[in-house]
Structure formats: structure tokens, C-alpha cells
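Working notes, structure below.
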Amino acid sequence: MHFLPENIDEYAVNNSQAEPKLLQQLTLETWQKVLAPRMLSGHYQGRVLSMISKLINPKTILEIGTYTGYSALCLAEGMQQDGQLHTIDINEELHDLQRRYFDVSGFGEQIIQYTGNALEVIPSIKADFDLIFMDADKINYPNYLDLLLPNLKTGSVILSDNVLWSGKVVEAVSPYDKDTKAIIHYNTLLNTHPKLETVLLPIRDGLTISRVI
């Protein structure tokens, strides 16, 4: 989903860092072999995630929603040399594809995969997260926030994807559209929570940066 005119969007991409070759290969394989390839973060957003991670230089990263591993590899680029990235996905069929790319990336030993329900997996991870990337089932975004926020230290950053939800957040919402309702509720939580300062960026389908205060 692009909210900018196509020529402006293309200009922004062309004047941003090039996509690494490994991620180009992962993009191609995802589009060839995996359902719903539009779920990839993609070149431009991937470079945004990489830049944010490099600015934060996190020791420990949590990703909720691995898909084929593209965003995990982008976030890992900014991780400390002895850091770890914990990534959770409910689809066990993608595990081997993720691992193959993780292992050739140079970050293989630092990326820990989990398969299952994130609400059940997160409490089992004994780590203090410096950076969190949320890109999973939208209906549970508020639940993930409730689970994580009480244990986050000041300065920790939460990145949330798809917060514009194809523009549905500013349209009349069907009473049956639980995902859009959850995203609207989540966006309000981020913007009004006394422990967070938040800015919503209209990058692709919307990316929110929230900092714990």
C-alpha cells in the first residue's frame, strides 16, 4: 500500500540505500514459493528498519511475526556484536526457509526462532528487549502491548507495522471488521499511554515508532 504519488514514492526508493543481494534473493524466493508475498517488508521499509536498528544498536531484539525472515535480517544489521534477535511466527512451514537465510547471513547464531502463539511464547523468553518489531496478527496488537510494556525499560523502542491498514483506519468500519477495530484501538493506546511517546510514520502501510519513557 502506497500513500504517496507513485513518482514520489519511486524517487524516495531510488535515493535510499540499495537492497542487499541476500535480501533480493529472499524477496524473489518468497514471491516464487510462498503465499501472500505482499507481507514482505520490502526494500524501502527494510532499509528503514535497518537504519532504526543501527541508530538504536540494540542488544536484544524481539520480532513478532517472522514470515520469511526479511525484516529480521534487516533488524539484525543494527544489533550489537554479541546481541540476540528472538523472532516468533505461528507458521511452522516457513521455519526451514527462514533458517536457511539466517544461516548464510552471518547472523545465524544470534537469531533464535520460535514457532507458536506469540502470547504463549513471549513469557518464556528471559530477556530484556531494547527493540521490538510487531508485525503479526493485528487483532492481538493490543494484547502484545499489554504483555510486553510492563517489563520494558526506559528507552526501549517498539516498532509497529501496518498501522494505517490500507487506509481503513480513517474509513467507516464494518462491525464485523475486527482487525481494523483492533488497529484503531492499538493506535490510540500507543498515542495516549503515559509510558510511551509515539510518532506514526506514513511509510508504506504505516509504521509507528514508540519509545518507553
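Ordered as shown in the C-alpha cells, chains take letters A, B, and onward, while each chain numbers its residues from 1 and ligands are numbered from 1 in the order shown.
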
Please provide as a ChimeraX atom specification all residues within 12 Å of region 84-86 of chain A, with the sequence filter that same-chain residues fewer than 5 positions apart are discarded (counting only C-alpha atoms). /A:53,57-66,69,71-79,102,107-115,118,121-122,124-133

Output C-alpha atoms for every residue in the selection just made, as a compact mmCIF listing (two decimals), in the first residue's frame.
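This went into again-v5.txt:
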# COMPACT_ATOMS: atom_id res chain seq x y z
CA SER A 53 18.11 -0.62 14.38
CA ASN A 57 22.20 -0.51 18.35
CA PRO A 58 20.10 -2.95 20.40
CA LYS A 59 21.49 -5.77 22.48
CA THR A 60 18.26 -7.78 22.33
CA ILE A 61 15.52 -7.63 19.69
CA LEU A 62 12.07 -9.23 19.69
CA GLU A 63 10.18 -9.69 16.43
CA ILE A 64 6.56 -10.83 16.48
CA GLY A 65 5.79 -12.18 13.01
CA THR A 66 8.78 -13.61 11.12
CA GLY A 69 12.71 -13.63 7.68
CA SER A 71 12.54 -7.94 8.42
CA ALA A 72 14.53 -10.00 10.95
CA LEU A 73 17.60 -9.77 8.73
CA CYS A 74 17.11 -6.01 8.35
CA LEU A 75 16.82 -5.52 12.13
CA ALA A 76 19.84 -7.77 12.75
CA GLU A 77 22.03 -5.36 10.78
CA GLY A 78 21.99 -2.93 13.71
CA MET A 79 22.28 -5.49 16.50
CA PHE A 102 19.51 -16.66 8.63
CA PHE A 107 23.65 -13.60 11.96
CA GLY A 108 22.59 -17.25 12.16
CA GLU A 109 23.92 -17.97 15.63
CA GLN A 110 22.32 -14.80 17.00
CA ILE A 111 18.82 -15.34 15.61
CA ILE A 112 16.58 -17.57 17.72
CA GLN A 113 13.39 -18.86 16.11
CA TYR A 114 10.16 -19.77 17.87
CA THR A 115 7.10 -21.39 16.31
CA ALA A 118 3.31 -15.33 20.45
CA VAL A 121 5.93 -17.81 23.62
CA ILE A 122 6.83 -14.30 24.83
CA SER A 124 9.07 -17.96 28.06
CA ILE A 125 11.80 -15.68 26.68
CA LYS A 126 14.00 -14.48 29.50
CA ALA A 127 15.44 -11.29 28.06
CA ASP A 128 15.23 -7.51 28.33
CA PHE A 129 14.20 -6.19 24.92
CA ASP A 130 15.75 -2.99 23.59
CA LEU A 131 13.84 -3.11 20.29
CA ILE A 132 10.55 -4.78 19.40
CA PHE A 133 9.07 -5.11 15.92

I'd like the neighbourhood of Lys168 (chain A) as a PyMOL selection string, where a residue qualifies if any of its atoms comes within 10 Å (using only C-alpha atoms), though same-chain residues fewer than 5 positions away should be ignored. chain A and resi 163+173-174+177+179-181+183-184

List every residue of region 91-204 of chain A that has an atom at most 12 Å from any atom of region 45-48 of chain A, giving for each one its closest atom pair and the distance in Å to one decimal, counting only C-alpha atoms, sorted by chain and then by ascending residue number, as a Markdown table.
| residue | atom | partner | partner_atom | distance |
| --- | --- | --- | --- | --- |
| A:Phe133 | CA | A:Gly46 | CA | 11.9 |
| A:Leu159 | CA | A:Val48 | CA | 10.9 |
| A:Asp161 | CA | A:Gln45 | CA | 9.8 |
| A:Asn162 | CA | A:Gln45 | CA | 11.3 |
| A:Leu201 | CA | A:Val48 | CA | 10.9 |
| A:Pro202 | CA | A:Gln45 | CA | 10.9 |
| A:Ile203 | CA | A:Gln45 | CA | 7.2 |
| A:Arg204 | CA | A:Gln45 | CA | 7.1 |

Write the residues of the preceding selection, restricted to C-alpha atoms, as a PDB file, in the first residue's frame.
ATOM      1  CA  PHE A 133       9.068  -5.113  15.916  1.00  0.00           C
ATOM      2  CA  LEU A 159       8.042  -0.548  16.052  1.00  0.00           C
ATOM      3  CA  ASP A 161       3.762  -2.245  11.222  1.00  0.00           C
ATOM      4  CA  ASN A 162       0.548  -1.885   9.183  1.00  0.00           C
ATOM      5  CA  LEU A 201       5.046   7.485  10.029  1.00  0.00           C
ATOM      6  CA  PRO A 202       3.108   7.084   6.743  1.00  0.00           C
ATOM      7  CA  ILE A 203       5.724   4.674   5.390  1.00  0.00           C
ATOM      8  CA  ARG A 204       4.159   2.022   3.157  1.00  0.00           C
TER       9      ARG A 204
END
